[in-house]
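Undergrad: The structure that follows is given in the form of structure tokens.
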Amino acid sequence: MTLRADAVGHAFDGEPVFSNVSLAVDPGEVVAVIGPSGAGKTTLLRFLALFERPDEGTVSFDGTDVWDAPESDRLGLRRRVGIVFQEAGLFDADVARNVEYGLRVRRPWSERLGDELAGLLGRNGTNGAVREALDLVGLADDADRSAASLSGGEAQRVSFARAVAYEPDVLLLDEPTSDLDPRNTAVIEDAVDRACDRGIGAVLATHDMNQARRVADRVAVLLDGGVIEVGPAERVFGSPDDERARKFVAGELVY
Ligand SMILES: Nc1ncnc2c1ncn2[C@@H]1O[C@H](COP(=O)(O)OP(=O)(O)OP(=O)(O)O)[C@@H](O)[C@H]1O
């Protein structure tokens, strides 16, 4: 499934953030959105997550304009997106419960009812998906640990597992490793790779140019109120067309 923003623009309290932004993510690809603080990376991800509607432009899934669709369809489409924020946001329960939560809230209620019945019969029904997701982030043996006992890096890996557990079509990753050490960062980057090998598309907002180089197939540079450059990572980092993009990726633009 392709998630696409077309000619999206938005202003907060009369202050434009960006205009005419178009970006698509296809199955299996990682698109990095890089740009200085305040450029609107999070705002763009929030539109792609269907959290809110942009002032201008459209957001569509496989050609279906999300905000033109009936609300019930929109809720269904929203379930096809997994989101990982900068902060893990786990609740006070064990690791497995936290990951399972993703499965429960994202699935239609009829399927959840199936889980409840399975639970009443003494079987969880979601164990396989939980274990697989934890395995992706190297925490398969930590399912029973309490979330409160995790390090920040481990908590963020659980948050990633929670987002992939129900097999979304698209993952939106908003600075998922900006607070993490290199080892935990590498685990998450590897998990992104493996999730995309399974056909999940990902949009990664990051300050970390090296991360974008390592992980992204395509890169969009969001700067000065718009996407000033978008293309294969190699080209955007190697020979961008836009002079501001060149300076930005070279670390010569100071904001
Ligand atoms: N809900 C809001 N109300 C008012 N202004 C907002 C709101 N959300 C974002 N903004 C403003 O929009 C601009 C873009 O913010 P956004 O968080 O999308 O940038 P960003 O590129 O993600 O920044 P960072 O890299 O620091 O996270 C900023 O000037 C911010 O202050």
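In the structure tokens, each chain is lettered A, B, ... as it comes, each chain's residues begin at 1, and ligands are numbered from 1 in order of appearance.
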Neighbouring residues of A:Ala96 were defined as those with any atom within 7 Å, considering only C-alpha atoms; residues of the same chain fewer than 5 positions away were excluded. Please report them as an NGL selection string.

TA: :A and (130 or 143-144)

Undergrad: Tell me, counting only C-alpha atoms and all ligand atoms, for each residue of chain A within 9 Å of ligand 1, which pair of atoms is nearest and how far apart they are in Å to one decimal, in rows ordered by chain and increasing number, as a Markdown table.

TA:
| residue | atom | partner | partner_atom_place_in_ligand_line | distance |
| --- | --- | --- | --- | --- |
| A:His10 | CA | ligand 1 | 12 (O) | 8.9 |
| A:Ala11 | CA | ligand 1 | 12 (O) | 7.7 |
| A:Phe12 | CA | ligand 1 | 4 (C) | 4.8 |
| A:Asp13 | CA | ligand 1 | 4 (C) | 6.5 |
| A:Glu15 | CA | ligand 1 | 5 (N) | 8.0 |
| A:Pro16 | CA | ligand 1 | 12 (O) | 7.9 |
| A:Val17 | CA | ligand 1 | 13 (C) | 5.4 |
| A:Phe18 | CA | ligand 1 | 14 (C) | 8.4 |
| A:Ile34 | CA | ligand 1 | 21 (O) | 8.1 |
| A:Gly35 | CA | ligand 1 | 21 (O) | 6.3 |
| A:Pro36 | CA | ligand 1 | 25 (O) | 5.9 |
| A:Ser37 | CA | ligand 1 | 25 (O) | 3.5 |
| A:Gly38 | CA | ligand 1 | 19 (O) | 3.5 |
| A:Ala39 | CA | ligand 1 | 21 (O) | 3.9 |
| A:Gly40 | CA | ligand 1 | 18 (O) | 3.2 |
| A:Lys41 | CA | ligand 1 | 21 (O) | 3.8 |
| A:Thr42 | CA | ligand 1 | 22 (O) | 3.7 |
| A:Thr43 | CA | ligand 1 | 18 (O) | 3.7 |
| A:Leu44 | CA | ligand 1 | 18 (O) | 6.5 |
| A:Leu45 | CA | ligand 1 | 18 (O) | 8.0 |
| A:Arg46 | CA | ligand 1 | 18 (O) | 8.3 |
| A:Asp174 | CA | ligand 1 | 22 (O) | 7.9 |
| A:Glu175 | CA | ligand 1 | 27 (O) | 7.7 |
| A:Ala205 | CA | ligand 1 | 22 (O) | 7.6 |
| A:Thr206 | CA | ligand 1 | 25 (O) | 7.4 |
| A:His207 | CA | ligand 1 | 25 (O) | 6.6 |
| A:Leu222 | CA | ligand 1 | 21 (O) | 7.9 |
| A:Leu223 | CA | ligand 1 | 21 (O) | 8.7 |

Undergrad: Can you pull out the residues contacting A:Val137? Cut-off 12 Å, using only C-alpha atoms, and skip same-chain residues under 2 positions away; I want them as a PyMOL selection string.

TA: chain A and resi 99+130-135+139-143+153-165+183-195

Undergrad: Once you have the residues from the selection above, write them out as a CSV table (one decimal), in the first residue's frame, restricted to N, CA and C atoms.

TA:
chain,number,residue,atom,x,y,z
A,99,VAL,N,3.4,-4.7,24.3
A,99,VAL,CA,3.4,-5.0,22.8
A,99,VAL,C,2.0,-5.4,22.4
A,130,VAL,N,3.4,-11.2,19.3
A,130,VAL,CA,4.2,-10.5,20.3
A,130,VAL,C,5.6,-11.0,20.4
A,131,ARG,N,5.7,-12.3,20.4
A,131,ARG,CA,7.1,-12.9,20.4
A,131,ARG,C,7.9,-12.5,19.2
A,132,GLU,N,7.2,-12.6,18.0
A,132,GLU,CA,7.9,-12.3,16.8
A,132,GLU,C,8.4,-10.8,16.8
A,133,ALA,N,7.5,-9.9,17.3
A,133,ALA,CA,7.9,-8.5,17.3
A,133,ALA,C,9.0,-8.2,18.3
A,134,LEU,N,9.0,-8.9,19.4
A,134,LEU,CA,10.1,-8.7,20.4
A,134,LEU,C,11.4,-9.3,19.9
A,135,ASP,N,11.2,-10.4,19.1
A,135,ASP,CA,12.4,-11.0,18.5
A,135,ASP,C,13.1,-10.0,17.6
A,139,LEU,N,14.5,-8.7,22.0
A,139,LEU,CA,14.0,-8.8,23.4
A,139,LEU,C,13.0,-10.0,23.6
A,140,ALA,N,13.2,-11.0,22.8
A,140,ALA,CA,12.3,-12.2,22.9
A,140,ALA,C,12.3,-12.8,24.3
A,141,ASP,N,13.5,-12.7,25.0
A,141,ASP,CA,13.5,-13.3,26.3
A,141,ASP,C,13.1,-12.4,27.5
A,142,ASP,N,12.6,-11.2,27.1
A,142,ASP,CA,12.3,-10.2,28.1
A,142,ASP,C,10.8,-9.9,28.3
A,143,ALA,N,10.0,-10.8,27.7
A,143,ALA,CA,8.5,-10.6,27.6
A,143,ALA,C,7.9,-10.4,29.0
A,153,GLY,N,16.8,2.7,26.3
A,153,GLY,CA,16.9,2.0,25.0
A,153,GLY,C,16.1,0.8,24.8
A,154,GLU,N,16.0,0.0,25.9
A,154,GLU,CA,15.1,-1.2,25.8
A,154,GLU,C,13.7,-0.8,25.7
A,155,ALA,N,13.3,0.3,26.4
A,155,ALA,CA,11.9,0.8,26.4
A,155,ALA,C,11.5,1.2,24.9
A,156,GLN,N,12.5,1.9,24.3
A,156,GLN,CA,12.2,2.3,22.9
A,156,GLN,C,12.1,1.1,22.0
A,157,ARG,N,12.9,0.1,22.2
A,157,ARG,CA,12.8,-1.1,21.4
A,157,ARG,C,11.4,-1.8,21.6
A,158,VAL,N,10.9,-1.8,22.8
A,158,VAL,CA,9.6,-2.3,23.0
A,158,VAL,C,8.5,-1.5,22.3
A,159,SER,N,8.7,-0.2,22.3
A,159,SER,CA,7.8,0.7,21.6
A,159,SER,C,7.8,0.4,20.1
A,160,PHE,N,9.0,0.1,19.6
A,160,PHE,CA,9.1,-0.3,18.2
A,160,PHE,C,8.3,-1.6,18.0
A,161,ALA,N,8.6,-2.6,18.9
A,161,ALA,CA,7.9,-3.9,18.7
A,161,ALA,C,6.4,-3.7,18.8
A,162,ARG,N,5.9,-2.8,19.6
A,162,ARG,CA,4.5,-2.6,19.8
A,162,ARG,C,3.9,-2.0,18.4
A,163,ALA,N,4.7,-1.2,17.7
A,163,ALA,CA,4.2,-0.6,16.5
A,163,ALA,C,4.2,-1.7,15.3
A,164,VAL,N,5.2,-2.6,15.4
A,164,VAL,CA,5.2,-3.6,14.2
A,164,VAL,C,4.4,-4.8,14.5
A,165,ALA,N,4.0,-5.0,15.8
A,165,ALA,CA,3.3,-6.3,16.1
A,165,ALA,C,2.1,-6.6,15.3
A,183,ARG,N,24.4,1.4,20.4
A,183,ARG,CA,24.0,0.0,20.3
A,183,ARG,C,22.5,-0.1,20.1
A,184,ASN,N,21.7,0.6,21.0
A,184,ASN,CA,20.3,0.5,20.8
A,184,ASN,C,19.8,1.1,19.5
A,185,THR,N,20.5,2.2,19.1
A,185,THR,CA,20.2,2.8,17.8
A,185,THR,C,20.4,1.7,16.7
A,186,ALA,N,21.5,1.0,16.8
A,186,ALA,CA,21.8,0.0,15.7
A,186,ALA,C,20.7,-1.1,15.7
A,187,VAL,N,20.2,-1.5,16.9
A,187,VAL,CA,19.1,-2.5,17.0
A,187,VAL,C,17.9,-2.0,16.3
A,188,ILE,N,17.5,-0.7,16.5
A,188,ILE,CA,16.3,-0.2,15.9
A,188,ILE,C,16.5,0.0,14.4
A,189,GLU,N,17.7,0.4,14.0
A,189,GLU,CA,17.9,0.6,12.6
A,189,GLU,C,17.8,-0.8,11.9
A,190,ASP,N,18.4,-1.8,12.5
A,190,ASP,CA,18.3,-3.1,11.9
A,190,ASP,C,16.8,-3.6,11.9
A,191,ALA,N,16.1,-3.3,12.9
A,191,ALA,CA,14.7,-3.7,12.9
A,191,ALA,C,13.9,-3.0,11.8
A,192,VAL,N,14.2,-1.7,11.6
A,192,VAL,CA,13.5,-1.0,10.5
A,192,VAL,C,13.8,-1.7,9.2
A,193,ASP,N,15.1,-2.1,9.0
A,193,ASP,CA,15.5,-2.8,7.7
A,193,ASP,C,14.7,-4.1,7.6
A,194,ARG,N,14.6,-4.8,8.7
A,194,ARG,CA,14.0,-6.2,8.6
A,194,ARG,C,12.4,-6.0,8.4
A,195,ALA,N,11.9,-5.0,9.0
A,195,ALA,CA,10.4,-4.7,8.8
A,195,ALA,C,10.2,-4.4,7.4

Undergrad: Tell me, which residues of stretch 30-237 of chain A carry DSSP alpha helix (DSSP H), written as a ChimeraX atom specification?

TA: /A:41-48,71-78,95-106,109-120,127-136,152-164,182-197,209-215,233-237

Undergrad: Apply DSSP to the structure's backbone, then extract all residues of stretch 157-210 of chain A labelled strand (DSSP E or B) and return them as a ChimeraX atom specification.

TA: /A:170-174,201-206

Undergrad: When distances are computed from only C-alpha atoms, which of A:Leu204, A:Ala7, A:Phe47, A:Gly128 shows the smallest separation from A:Glu100?

TA: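 For A:Glu100, the nearest of the given residues is A:Gly128.
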
Undergrad: Using only C-alpha atoms, which residues sit within 6 Å of A:Gly28 once same-chain residues fewer than 5 positions away are excluded, as a PyMOL selection string?

TA: chain A and resi 196-197+199-201

Undergrad: Neighbours of A:Phe237 within 9 Å (only C-alpha atoms; same-chain residues fewer than 4 positions away dropped), as an NGL selection string?

TA: :A and (213 or 219 or 232-233 or 245-246 or 249-250)

Undergrad: List as a list of chain:residue names the protein and nucleic acid residues near A:Gly82, meaning an atom at most 8 Å away when only C-alpha atoms are counted, but skip any in the same chain fewer than 3 places from it.

TA: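 Counting only C-alpha atoms, the residues come to A:Arg79, A:Ala163, A:Val164, A:Pro168, A:Asp169, A:Val170, A:Leu171, A:Leu172.
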
Undergrad: Write the selection just made, keeping C-alpha atoms, as a PDB file, in the first residue's frame?

TA:
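Below is the file that was written, result-v8.pdb:
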ATOM      1  CA  ARG A  79      -5.035   1.199  11.772  1.00  0.00           C
ATOM      2  CA  ALA A 163       4.227  -0.634  16.478  1.00  0.00           C
ATOM      3  CA  VAL A 164       5.206  -3.574  14.233  1.00  0.00           C
ATOM      4  CA  PRO A 168       1.033  -2.165   9.737  1.00  0.00           C
ATOM      5  CA  ASP A 169       1.471  -1.267   6.074  1.00  0.00           C
ATOM      6  CA  VAL A 170       3.442   1.846   6.981  1.00  0.00           C
ATOM      7  CA  LEU A 171       5.625   2.767   9.946  1.00  0.00           C
ATOM      8  CA  LEU A 172       6.058   6.418  10.882  1.00  0.00           C
TER       9      LEU A 172
END

Undergrad: With only C-alpha atoms as the atoms that count, which of A:Val230, A:Ile83, A:Leu50, A:Val8 lies nearest to A:Glu71?

TA: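 The shortest atom-to-atom distance to A:Glu71 comes from A:Leu50.
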
Undergrad: Between atom CA of A:Leu150 and atom CA of A:Ala49, what distance in Å does the model show, to one decimal?

TA: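 Between these atoms lies a distance of 27.4 Å.
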